[in-house]
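Structure data follow from coords_16.tsv (TSV, C-alpha atoms and all ligand atoms):
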```tsv
chain	number	residue	atom	x	y	z
A	1	MET	CA	-36.18	-65.14	74.43
A	2	LYS	CA	-34.48	-67.11	71.68
A	3	ASN	CA	-32.25	-70.05	72.49
A	4	ARG	CA	-31.23	-73.06	70.43
A	5	LEU	CA	-34.43	-74.97	71.26
A	6	CYS	CA	-36.59	-71.99	70.20
A	7	GLU	CA	-34.55	-71.73	67.00
A	8	LEU	CA	-34.90	-75.47	66.31
A	9	LEU	CA	-38.67	-75.49	66.80
A	10	GLY	CA	-39.55	-71.97	65.63
A	11	ILE	CA	-41.18	-71.03	68.94
A	12	GLU	CA	-41.08	-67.98	71.21
A	13	TYR	CA	-40.73	-69.58	74.66
A	14	PRO	CA	-38.66	-72.75	75.30
A	15	ILE	CA	-41.63	-74.74	76.62
A	16	ILE	CA	-43.24	-77.86	75.19
A	17	GLN	CA	-46.61	-79.15	76.38
A	18	GLY	CA	-46.59	-82.77	77.54
A	19	GLY	CA	-48.07	-85.39	75.21
A	20	MET	CA	-50.72	-86.56	77.66
A	21	ALA	CA	-52.87	-89.39	76.26
A	22	TRP	CA	-56.54	-88.26	75.86
A	23	VAL	CA	-55.84	-84.89	77.54
A	24	ALA	CA	-53.57	-83.44	74.85
A	25	THR	CA	-56.15	-82.76	72.12
A	26	ALA	CA	-55.92	-80.46	69.09
A	27	GLU	CA	-57.59	-77.70	71.17
A	28	LEU	CA	-54.93	-77.86	73.89
A	29	ALA	CA	-52.02	-78.17	71.46
A	30	ALA	CA	-53.22	-75.20	69.39
A	31	ALA	CA	-53.69	-73.05	72.51
A	32	VAL	CA	-50.14	-73.78	73.69
A	33	SER	CA	-48.68	-73.08	70.25
A	34	ASN	CA	-50.72	-69.87	69.96
A	35	GLY	CA	-49.31	-68.90	73.38
A	36	GLY	CA	-45.76	-69.15	72.07
A	37	GLY	CA	-44.81	-72.66	73.23
A	38	LEU	CA	-44.92	-75.94	71.32
A	39	GLY	CA	-48.25	-77.74	71.63
A	40	LEU	CA	-48.42	-81.51	71.18
A	41	ILE	CA	-51.36	-83.68	70.19
A	42	ALA	CA	-51.11	-87.01	72.01
A	43	ALA	CA	-51.79	-90.03	69.85
A	44	GLY	CA	-51.90	-92.19	73.00
A	45	GLY	CA	-53.70	-95.42	72.13
A	46	ALA	CA	-55.84	-93.84	69.38
A	47	PRO	CA	-56.10	-95.30	65.86
A	48	ALA	CA	-54.48	-93.48	62.94
A	49	ASP	CA	-57.64	-91.89	61.46
A	50	VAL	CA	-58.40	-90.19	64.79
A	51	VAL	CA	-54.86	-88.79	64.91
A	52	ARG	CA	-55.16	-87.52	61.33
A	53	ALA	CA	-58.38	-85.69	62.19
A	54	GLN	CA	-56.71	-84.16	65.26
A	55	ILE	CA	-53.77	-82.90	63.21
A	56	ARG	CA	-56.12	-81.32	60.68
A	57	LYS	CA	-58.21	-79.73	63.43
A	58	CYS	CA	-55.07	-78.29	65.06
A	59	ARG	CA	-54.04	-76.78	61.70
A	60	GLU	CA	-57.39	-74.95	61.63
A	61	LEU	CA	-56.80	-73.58	65.13
A	62	THR	CA	-53.22	-72.36	64.76
A	63	ASP	CA	-50.74	-71.33	62.10
A	64	LYS	CA	-47.87	-71.85	64.56
A	65	PRO	CA	-45.71	-75.00	64.70
A	66	PHE	CA	-47.10	-77.93	66.72
A	67	GLY	CA	-46.26	-81.59	67.15
A	68	VAL	CA	-47.66	-85.06	67.74
A	69	ASN	CA	-46.63	-87.35	70.59
A	70	VAL	CA	-46.54	-90.96	69.45
A	71	MET	CA	-46.79	-93.51	72.25
A	72	LEU	CA	-44.67	-96.38	70.99
A	73	MET	CA	-46.39	-99.02	73.17
A	74	SER	CA	-49.66	-98.35	71.33
A	75	PRO	CA	-50.88	-101.20	69.10
A	76	PHE	CA	-51.45	-98.47	66.46
A	77	ALA	CA	-47.95	-96.92	66.70
A	78	GLU	CA	-46.89	-98.06	63.24
A	79	GLU	CA	-49.96	-96.74	61.37
A	80	VAL	CA	-50.03	-93.55	63.45
A	81	MET	CA	-46.43	-92.90	62.45
A	82	GLN	CA	-47.40	-93.41	58.80
A	83	VAL	CA	-50.18	-90.83	59.08
A	84	VAL	CA	-47.87	-88.39	60.84
A	85	ILE	CA	-45.32	-88.73	58.03
A	86	GLU	CA	-48.09	-87.96	55.52
A	87	GLU	CA	-49.52	-85.00	57.48
A	88	LYS	CA	-46.10	-83.52	58.38
A	89	PRO	CA	-46.55	-81.69	61.68
A	90	ALA	CA	-43.41	-79.73	62.62
A	91	VAL	CA	-42.42	-82.17	65.37
A	92	VAL	CA	-42.83	-85.75	66.53
A	93	ALA	CA	-42.18	-86.54	70.17
A	94	THR	CA	-42.12	-90.21	71.11
A	95	GLY	CA	-42.66	-91.95	74.42
A	96	ALA	CA	-42.43	-95.38	76.00
A	97	GLY	CA	-39.89	-96.90	73.63
A	98	ASN	CA	-37.13	-96.50	71.05
A	99	PRO	CA	-38.18	-94.56	67.91
A	100	GLY	CA	-35.07	-95.68	65.96
A	101	LYS	CA	-36.86	-97.49	63.15
A	102	TYR	CA	-38.93	-94.40	62.26
A	103	MET	CA	-36.10	-91.88	62.37
A	104	GLU	CA	-35.08	-91.95	58.70
A	105	ALA	CA	-38.62	-91.57	57.34
A	106	LEU	CA	-39.37	-88.73	59.78
A	107	LYS	CA	-36.22	-86.90	58.75
A	108	GLU	CA	-37.02	-87.37	55.08
A	109	ALA	CA	-40.42	-85.77	55.72
A	110	GLY	CA	-38.68	-82.79	57.35
A	111	ILE	CA	-40.19	-83.57	60.77
A	112	LYS	CA	-38.10	-82.81	63.86
A	113	ILE	CA	-37.89	-85.74	66.26
A	114	LEU	CA	-37.77	-85.36	70.03
A	115	PRO	CA	-37.82	-88.69	71.89
A	116	VAL	CA	-38.80	-88.73	75.54
A	117	ILE	CA	-36.19	-90.73	77.41
A	118	ALA	CA	-35.66	-91.68	81.02
A	119	SER	CA	-32.04	-92.94	80.98
A	120	VAL	CA	-28.56	-91.92	79.80
A	121	ALA	CA	-28.20	-95.01	77.60
A	122	MET	CA	-31.44	-94.29	75.72
A	123	ALA	CA	-30.50	-90.61	75.29
A	124	GLN	CA	-27.17	-91.58	73.74
A	125	LYS	CA	-28.84	-94.15	71.52
A	126	VAL	CA	-31.44	-91.73	70.07
A	127	ALA	CA	-28.85	-88.94	69.69
A	128	LYS	CA	-26.72	-91.30	67.60
A	129	GLN	CA	-29.77	-92.29	65.55
A	130	GLY	CA	-30.33	-88.62	64.65
A	131	ALA	CA	-32.79	-87.20	67.20
A	132	ASP	CA	-32.98	-83.38	67.01
A	133	ALA	CA	-33.33	-82.99	70.79
A	134	VAL	CA	-34.21	-85.21	73.74
A	135	ILE	CA	-36.84	-84.76	76.41
A	136	ALA	CA	-35.37	-86.04	79.70
A	137	GLU	CA	-38.33	-87.06	81.85
A	138	GLY	CA	-37.88	-87.58	85.57
A	139	THR	CA	-39.93	-89.91	87.72
A	140	GLU	CA	-41.92	-86.97	89.14
A	141	ALA	CA	-43.87	-86.86	85.86
A	142	GLY	CA	-47.34	-88.29	85.36
A	143	GLY	CA	-48.32	-91.32	83.30
A	144	HIS	CA	-45.80	-93.97	82.29
A	145	ILE	CA	-42.50	-93.13	84.02
A	146	GLY	CA	-38.87	-94.10	84.53
A	147	GLU	CA	-36.96	-94.42	87.81
A	148	ILE	CA	-34.61	-91.44	87.96
A	149	THR	CA	-35.55	-88.05	89.41
A	150	THR	CA	-35.54	-84.93	87.25
A	151	MET	CA	-32.81	-83.45	89.48
A	152	CYS	CA	-30.43	-86.37	88.84
A	153	LEU	CA	-31.45	-87.25	85.29
A	154	THR	CA	-31.19	-83.80	83.65
A	155	PRO	CA	-27.51	-82.99	84.29
A	156	GLN	CA	-26.48	-86.52	83.34
A	157	ILE	CA	-28.32	-86.24	80.00
A	158	VAL	CA	-26.88	-82.73	79.44
A	159	ASP	CA	-23.38	-84.17	79.91
A	160	ALA	CA	-24.06	-87.22	77.73
A	161	VAL	CA	-25.40	-85.64	74.50
A	162	ASP	CA	-24.66	-82.58	72.34
A	163	ILE	CA	-28.22	-81.98	71.11
A	164	PRO	CA	-30.66	-79.74	73.04
A	165	VAL	CA	-32.12	-81.24	76.22
A	166	VAL	CA	-35.66	-80.52	77.39
A	167	CYS	CA	-36.23	-81.11	81.09
A	168	ALA	CA	-39.53	-82.72	82.16
A	169	GLY	CA	-41.14	-83.94	85.35
A	170	GLY	CA	-42.22	-81.85	88.33
A	171	ILE	CA	-41.90	-78.38	86.79
A	172	ALA	CA	-44.85	-76.48	88.23
A	173	ASP	CA	-43.79	-72.83	88.16
A	174	VAL	CA	-40.98	-70.36	87.41
A	175	ARG	CA	-38.84	-71.79	90.24
A	176	GLY	CA	-38.94	-75.21	88.59
A	177	ALA	CA	-38.21	-73.66	85.20
A	178	VAL	CA	-35.15	-71.79	86.51
A	179	ALA	CA	-33.97	-74.99	88.23
A	180	ALA	CA	-34.26	-76.89	84.94
A	181	PHE	CA	-32.11	-74.29	83.15
A	182	ALA	CA	-29.64	-74.33	86.08
A	183	LEU	CA	-29.26	-78.08	85.51
A	184	GLY	CA	-28.25	-77.31	81.92
A	185	ALA	CA	-31.51	-77.83	80.05
A	186	ASP	CA	-32.38	-75.84	76.92
A	187	GLY	CA	-36.11	-76.00	77.57
A	188	ILE	CA	-38.88	-77.44	79.71
A	189	GLN	CA	-41.73	-79.82	79.07
A	190	VAL	CA	-44.85	-79.32	81.16
A	191	GLY	CA	-47.82	-81.67	81.27
A	192	THR	CA	-49.83	-81.62	84.49
A	193	ARG	CA	-50.01	-77.80	84.69
A	194	PHE	CA	-51.80	-77.70	81.33
A	195	ILE	CA	-54.57	-80.06	82.51
A	196	CYS	CA	-55.82	-77.08	84.51
A	197	SER	CA	-56.06	-74.72	81.53
A	198	ASP	CA	-59.19	-73.16	80.04
A	199	GLU	CA	-58.48	-74.81	76.69
A	200	CYS	CA	-58.01	-78.36	78.04
A	201	ILE	CA	-61.27	-80.18	77.32
A	202	ALA	CA	-60.89	-82.82	80.04
A	203	HIS	CA	-63.94	-83.29	82.31
A	204	ASP	CA	-64.05	-80.64	85.04
A	205	ASN	CA	-63.91	-83.37	87.73
A	206	TYR	CA	-60.42	-84.32	86.44
A	207	LYS	CA	-59.28	-80.67	86.66
A	208	GLN	CA	-60.76	-80.32	90.16
A	209	ALA	CA	-58.94	-83.50	91.27
A	210	VAL	CA	-55.63	-81.97	90.14
A	211	LEU	CA	-56.44	-78.71	91.95
A	212	LYS	CA	-57.25	-80.64	95.15
A	213	ALA	CA	-54.16	-82.87	95.03
A	214	LYS	CA	-51.66	-82.70	97.89
A	215	ASP	CA	-47.97	-83.59	98.03
A	216	ARG	CA	-48.36	-87.39	98.35
A	217	ASP	CA	-51.42	-87.87	96.15
A	218	ALA	CA	-49.70	-88.67	92.81
A	219	VAL	CA	-48.94	-92.36	93.38
A	220	VAL	CA	-47.28	-95.05	91.25
A	221	THR	CA	-48.95	-98.33	90.30
A	222	GLY	CA	-47.82	-101.06	87.92
A	223	ARG	CA	-44.21	-101.36	89.14
A	224	SER	CA	-44.71	-105.14	89.46
A	225	THR	CA	-45.78	-105.49	85.81
A	226	GLY	CA	-42.88	-103.41	84.50
A	227	ALA	CA	-45.03	-100.50	83.31
A	228	PRO	CA	-45.15	-98.03	86.20
A	229	VAL	CA	-47.76	-95.29	85.89
A	230	ARG	CA	-48.22	-92.22	88.11
A	231	ALA	CA	-51.79	-91.07	88.72
A	232	LEU	CA	-53.80	-89.39	91.45
A	233	LYS	CA	-54.73	-91.71	94.31
A	234	ASN	CA	-58.32	-93.00	94.12
A	235	LYS	CA	-60.32	-96.24	94.24
A	236	LEU	CA	-58.64	-97.41	91.02
A	237	THR	CA	-55.05	-96.96	92.28
A	238	LYS	CA	-55.97	-98.66	95.58
A	239	GLU	CA	-57.46	-101.58	93.66
A	240	TYR	CA	-54.24	-101.79	91.59
A	241	GLN	CA	-52.12	-101.79	94.74
A	242	ARG	CA	-54.29	-104.51	96.29
A	243	LEU	CA	-53.93	-106.76	93.22
A	244	GLU	CA	-50.18	-106.11	93.05
A	245	SER	CA	-49.71	-106.98	96.75
A	246	GLU	CA	-51.67	-110.20	96.18
A	247	ASN	CA	-49.37	-111.07	93.25
A	248	ALA	CA	-52.29	-111.15	90.82
A	249	SER	CA	-51.51	-112.04	87.21
A	250	ALA	CA	-50.29	-109.29	84.87
A	251	GLU	CA	-53.44	-109.79	82.75
A	252	GLU	CA	-55.72	-109.23	85.73
A	253	ILE	CA	-53.82	-106.10	86.75
A	254	GLU	CA	-53.76	-104.70	83.21
A	255	GLN	CA	-57.48	-105.45	82.77
A	256	LEU	CA	-58.25	-103.07	85.63
A	257	GLY	CA	-56.68	-100.18	83.74
A	258	VAL	CA	-58.51	-100.70	80.44
A	259	GLY	CA	-60.56	-97.59	79.59
A	260	GLY	CA	-59.30	-95.80	82.69
A	261	LEU	CA	-58.14	-92.65	80.92
A	262	ARG	CA	-61.40	-92.37	78.99
A	263	ARG	CA	-63.39	-92.75	82.23
A	264	ALA	CA	-61.40	-89.89	83.77
A	265	PHE	CA	-61.25	-87.59	80.75
A	266	GLU	CA	-64.77	-88.02	79.30
A	267	GLU	CA	-66.94	-89.20	82.17
A	268	GLY	CA	-65.17	-87.39	84.99
A	269	ASP	CA	-65.12	-90.66	86.96
A	270	VAL	CA	-62.71	-89.67	89.73
A	271	GLN	CA	-63.06	-93.02	91.52
A	272	MET	CA	-62.47	-95.64	88.79
A	273	GLY	CA	-60.91	-93.32	86.18
A	274	SER	CA	-57.14	-93.11	85.70
A	275	LEU	CA	-56.31	-89.54	86.75
A	276	MET	CA	-52.77	-89.54	85.36
A	277	ALA	CA	-50.84	-86.59	86.77
A	278	GLY	CA	-47.36	-85.80	88.03
A	279	GLN	CA	-46.19	-84.84	91.51
A	280	SER	CA	-46.48	-81.18	90.46
A	281	ALA	CA	-50.29	-81.55	90.73
A	282	ALA	CA	-49.93	-80.46	94.35
A	283	MET	CA	-48.60	-77.08	93.16
A	284	VAL	CA	-51.38	-76.36	90.64
A	285	LYS	CA	-53.77	-73.84	92.19
A	286	GLU	CA	-55.98	-72.43	89.45
A	287	ILE	CA	-57.39	-72.92	85.99
A	288	MET	CA	-56.19	-70.28	83.52
A	289	PRO	CA	-55.57	-69.79	79.79
A	290	CYS	CA	-52.56	-71.60	78.29
A	291	ALA	CA	-50.99	-68.30	77.20
A	292	ASP	CA	-50.97	-67.09	80.84
A	293	ILE	CA	-49.60	-70.42	82.11
A	294	ILE	CA	-46.71	-70.10	79.64
A	295	LYS	CA	-45.98	-66.47	80.59
A	296	ASN	CA	-45.93	-67.39	84.29
A	297	TYR	CA	-43.11	-69.87	83.68
A	298	PHE	CA	-40.87	-67.07	82.36
A	299	GLU	CA	-42.14	-63.78	83.75
A	300	ASP	CA	-40.58	-63.80	87.24
A	301	VAL	CA	-37.19	-65.25	86.28
A	302	ASP	CA	-35.37	-62.12	87.47
A	303	ASN	CA	-36.86	-62.38	90.97
A	304	VAL	CA	-35.90	-66.04	91.26
A	305	LEU	CA	-32.36	-65.28	90.06
A	306	ALA	CA	-32.05	-62.33	92.47
A	307	ARG	CA	-33.04	-64.62	95.33
A	308	ILE	CA	-30.46	-67.17	94.25
A	309	LYS	CA	-27.75	-64.51	94.17
A	310	ASP	CA	-28.74	-63.23	97.62
A	311	ASN	CA	-28.47	-66.73	99.00
A	312	ILE	CA	-25.33	-68.13	97.43
A	313	LYS	CA	-23.03	-65.22	96.73
B	1	LIG	O1	-44.81	-92.15	77.56
B	1	LIG	C1	-44.81	-91.49	78.55
B	1	LIG	N1	-45.87	-91.37	79.37
B	1	LIG	C2	-47.10	-91.95	79.17
B	1	LIG	S1	-47.54	-92.93	77.90
B	1	LIG	C3	-49.07	-93.12	78.52
B	1	LIG	S2	-50.29	-94.06	77.76
B	1	LIG	C4	-50.39	-95.38	78.79
B	1	LIG	N2	-51.62	-95.75	79.13
B	1	LIG	C5	-51.80	-96.78	79.93
B	1	LIG	C6	-50.74	-97.50	80.42
B	1	LIG	C7	-49.47	-97.13	80.09
B	1	LIG	C8	-49.29	-96.04	79.26
B	1	LIG	C9	-49.18	-92.42	79.66
B	1	LIG	N3	-48.08	-91.77	80.00
B	1	LIG	N4	-43.70	-90.79	78.93
B	1	LIG	C10	-42.51	-90.83	78.18
B	1	LIG	C11	-41.60	-91.87	78.69
B	1	LIG	N5	-40.94	-92.67	77.91
B	1	LIG	N6	-41.32	-92.13	79.96
B	1	LIG	C12	-40.42	-93.15	79.97
B	1	LIG	C13	-40.19	-93.47	78.66
B	1	LIG	C14	-39.35	-94.47	78.08
B	1	LIG	C15	-39.24	-95.72	78.65
B	1	LIG	C16	-38.45	-96.68	78.03
B	1	LIG	C17	-38.66	-94.18	76.91
B	1	LIG	C18	-37.86	-95.13	76.31
B	1	LIG	C19	-37.77	-96.36	76.88
B	1	LIG	O2	-37.01	-97.26	76.24
B	1	LIG	C20	-37.22	-98.61	76.51
B	1	LIG	C21	-36.49	-99.42	75.50
B	1	LIG	O3	-35.39	-99.88	75.83
B	1	LIG	O4	-37.02	-99.56	74.40
```
What would the structure in this file look like if it were written as C-alpha cells?
Ligand code: TUI
Amino acid sequence: MKNRLCELLGIEYPIIQGGMAWVATAELAAAVSNGGGLGLIAAGGAPADVVRAQIRKCRELTDKPFGVNVMLMSPFAEEVMQVVIEEKPAVVATGAGNPGKYMEALKEAGIKILPVIASVAMAQKVAKQGADAVIAEGTEAGGHIGEITTMCLTPQIVDAVDIPVVCAGGIADVRGAVAAFALGADGIQVGTRFICSDECIAHDNYKQAVLKAKDRDAVVTGRSTGAPVRALKNKLTKEYQRLESENASAEEIEQLGVGGLRRAFEEGDVQMGSLMAGQSAAMVKEIMPCADIIKNYFEDVDNVLARIKDNIK
C-alpha cells in the first residue's frame, strides 16, 4: 500500500496519528508507528526537557519513523523546536500557527515538516516555504480548530498545492478514509480514534467519555476569544459558555481552561477536565490495539468501493 505519502515518510499505511496535547505520549506514538502508521508525540504546552525525554523513550519503543507535533502557541515552542532539531525525529508536524521561521533549520537537520493548516492561504504559504506535505484539518477535529469542514477544505487544499495532502477531522472508520481519498488526499490523520486504544495512557474515564459520546456532544468553546476548542460537553464547557455569553474578560475565560487537559488525562476528571475530542467521538465504539485500529481504516476498502459503484454507476 505504497503511495507518495508512504514513500515520503517511510511508512506502510498512509495514516498519521493526531498530535493530541497530553494524550499523544511516546507510548502511543510508538504503538502507531509499530502498527505501520506514523506516530506523533505531542509537545503541547510541555517544556523542552520533557519533550526530549519523550523522544528518547519513543526511540526505545520503536525502530520505525515517528514524529513530534509542536504546538506553536506554546510559550515553549522555540526551545522545543531547538530540542527537536537536536534529537532529529523523522518528522515535525506543527499546529496553531505558521512554522515558517523554523523551516530552514528543520530541513538542514533532515527532518520532514508537515504543518497542520485550516485554510487555503496558509497551505499555500507553507508550501512555498518548503513544507514536505500539509495536514488539512477540518472543523470536525478536536482541540484547537479552524472554521472550514473537512469536506470543503480538503479538495480546495488539494487543488491549491502540489505537495501531498493529509486529510484530518472527523475520520472515524474506513468510510471516512475512503471519502478522504475521494476528495484527493494522499493520507489521513486520525486523533480521537486513538484515544480509545490500549496503548493510550489517558485516564480510563477520558476513554469512557469518548465511548459514551453522541453526535452532538463534541462542542466548541472559546470562539469569542479567537481560540476555538472542541471538547466533549461537561461542566467545564458549560461554564465556558456561560462566561462567554456574559461577555466575561478573555483572562477570566482563559483562566478556566488552565490545567484542564491535565485534569482530564491524569485525574480522569470528566466534569472540570478538558476532554478534547472531535465529532468522530460519537463513532468510536471500543478500545483496541493501535495496530488493529490502523488495519480497520484500510481493510474493508473494497467493500466501501463496491458499494459506491453499486450506487453511482
Ligand atoms: O493545533 C491544533 N489543535 C490543538 S493545539 C491544542 S493545545 C491547546 N490547549 C489549550 C488551548 C488551546 C490549545 C489542542 N488542540 N490543531 C492544528 C491546527 N492548527 N488547527 C488549526 C490550526 C492553525 C490555525 C491558524 C494553523 C495555522 C494557523 O495560522 C494562523 C496564522 O496566521 O499564523
Within 6 Å of range 203-210 of chain A, counting only C-alpha atoms, which residues show up once you throw out same-chain ones fewer than 2 positions away? Write them as a list in words, please.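 Final neighbour list, sorted by chain and number: Cys196, Lys212, Ala213, Phe265, Glu266, Gly268 and Ala281 of chain A.
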Using all atoms listed in the file, which protein or nucleic acid residues are at most 6 Å from ligand LIG 1 (chain B), as a PDB file with C-alpha atoms, in the coordinates of the input?
```
ATOM      1  CA  ALA A  21     -52.870 -89.390  76.260  1.00  0.00           C
ATOM      2  CA  GLY A  44     -51.900 -92.190  73.000  1.00  0.00           C
ATOM      3  CA  MET A  71     -46.790 -93.510  72.250  1.00  0.00           C
ATOM      4  CA  GLY A  95     -42.660 -91.950  74.420  1.00  0.00           C
ATOM      5  CA  ALA A  96     -42.430 -95.380  76.000  1.00  0.00           C
ATOM      6  CA  GLY A  97     -39.890 -96.900  73.630  1.00  0.00           C
ATOM      7  CA  ASN A  98     -37.130 -96.500  71.050  1.00  0.00           C
ATOM      8  CA  VAL A 116     -38.800 -88.730  75.540  1.00  0.00           C
ATOM      9  CA  ILE A 117     -36.190 -90.730  77.410  1.00  0.00           C
ATOM     10  CA  ALA A 118     -35.660 -91.680  81.020  1.00  0.00           C
ATOM     11  CA  GLY A 143     -48.320 -91.320  83.300  1.00  0.00           C
ATOM     12  CA  HIS A 144     -45.800 -93.970  82.290  1.00  0.00           C
ATOM     13  CA  ILE A 145     -42.500 -93.130  84.020  1.00  0.00           C
ATOM     14  CA  GLY A 146     -38.870 -94.100  84.530  1.00  0.00           C
TER      15      GLY A 146
END
```
For range 168-183 of chain A, list every protein, DNA or RNA residue within 10 Å, evaluated using all atoms listed in the file, and leave out those in the same chain fewer than 4 positions away; present the list as a PyMOL selection string. chain A and resi 14-18+116-118+135-142+145+149-158+187-194+277-284+293-305
Report the distance between CA of Gly260 in chain A and CA of Gln82 in chain A in Å, rounded to one decimal place.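 One can read the CA of Gly260 in chain A to CA of Gln82 in chain A distance as 26.8 Å.
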Within 9 Å of range 125-134 of chain A, counting all atoms listed in the file, which residues qualify if same-chain residues fewer than 6 places away don't, as a ChimeraX atom specification? /A:5,8,93,98-100,103-104,107,112-117,157,161-167
One-decimal distance in Å that lies between CA of Ala77 in chain A and CA of Leu236 in chain A: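 Separation of CA of Leu236 in chain A and CA of Ala77 in chain A: 26.6 Å.
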Using all atoms listed in the file, the shortest atom-to-atom distance to Glu79 in chain A among A:Ala105, A:Ala250, A:Met276, A:Val51 belongs to A:Val51
What is the CA of Val91 in chain A-CA of Leu40 in chain A distance in Å, reported with one decimal?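 So the answer is 8.4 Å.
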List every protein, DNA or RNA residue with an atom no more than 9 Å from (-37.7, -63.3, 72.6) in the file's coordinates, counting all atoms listed in the file, and format the result as a list of chain:residue names. A:Met1, A:Lys2, A:Asn3, A:Glu12, A:Tyr13
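Here the question is which of A:Glu60, A:Glu286, A:Glu199, A:Glu7 gets nearest to Leu211 in chain A using all atoms listed in the file, and that residue is A:Glu286.
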Got a sec: who's within 7 Å of range 23-26 of chain A, counting only C-alpha atoms, leaving out chain neighbours fewer than 3 positions off, as a VMD selection string? chain A and resid 19 to 20 29 to 30 40 to 42 54 to 55 57 to 58 200 202 265
Residue nearest Gly226 in chain A - candidates A:Arg242, A:Arg59, A:Gly259, A:Glu147, atoms counted: all atoms listed in the file: A:Glu147
Which of these, A:Ala43, A:Leu38, A:Ile85, A:Leu243, has the shortest distance to Thr62 in chain A once you count all atoms listed in the file?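 With all atoms listed in the file as the atom set, the closest residue is A:Leu38.
Considering the residues A:Lys101, A:Lys64, A:Arg52, A:Arg223 and counting only C-alpha atoms, Ile253 in chain A has its shortest atom-to-atom contact with A:Arg223.
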Mind writing range 63-79 of chain A to a file for me, with N, CA and C atoms, as a compact mmCIF listing (two decimals), in the first residue's frame?
```
# COMPACT_ATOMS: atom_id res chain seq x y z
N ASP A 63 11.65 1.12 16.34
CA ASP A 63 12.74 1.47 15.42
C ASP A 63 12.16 2.02 14.12
N LYS A 64 10.85 2.27 14.12
CA LYS A 64 10.17 2.83 12.95
C LYS A 64 10.19 4.37 13.02
N PRO A 65 9.95 5.04 11.87
CA PRO A 65 9.90 6.50 11.93
C PRO A 65 8.73 7.00 12.78
N PHE A 66 8.96 8.09 13.50
CA PHE A 66 7.89 8.77 14.25
C PHE A 66 8.16 10.27 14.21
N GLY A 67 7.22 11.05 14.70
CA GLY A 67 7.38 12.50 14.65
C GLY A 67 7.02 13.17 15.95
N VAL A 68 7.18 14.50 15.96
CA VAL A 68 6.79 15.32 17.11
C VAL A 68 5.86 16.41 16.59
N ASN A 69 4.75 16.62 17.28
CA ASN A 69 3.87 17.74 16.96
C ASN A 69 4.23 18.91 17.86
N VAL A 70 4.60 20.02 17.25
CA VAL A 70 4.95 21.22 18.01
C VAL A 70 3.80 22.21 17.92
N MET A 71 3.23 22.53 19.07
CA MET A 71 2.12 23.47 19.15
C MET A 71 2.69 24.88 19.22
N LEU A 72 2.52 25.65 18.15
CA LEU A 72 3.26 26.91 18.04
C LEU A 72 2.77 28.00 18.99
N MET A 73 1.58 27.81 19.59
CA MET A 73 1.10 28.79 20.58
C MET A 73 1.74 28.56 21.96
N SER A 74 2.45 27.45 22.11
CA SER A 74 3.07 27.15 23.41
C SER A 74 4.14 28.18 23.75
N PRO A 75 4.21 28.59 25.02
CA PRO A 75 5.29 29.51 25.41
C PRO A 75 6.68 28.86 25.24
N PHE A 76 6.71 27.52 25.13
CA PHE A 76 7.99 26.81 24.99
C PHE A 76 8.31 26.43 23.54
N ALA A 77 7.51 26.92 22.59
CA ALA A 77 7.65 26.47 21.19
C ALA A 77 9.09 26.59 20.68
N GLU A 78 9.70 27.72 20.97
CA GLU A 78 11.05 27.98 20.46
C GLU A 78 12.06 26.95 20.99
N GLU A 79 12.07 26.74 22.30
CA GLU A 79 13.05 25.79 22.89
C GLU A 79 12.72 24.35 22.54
```
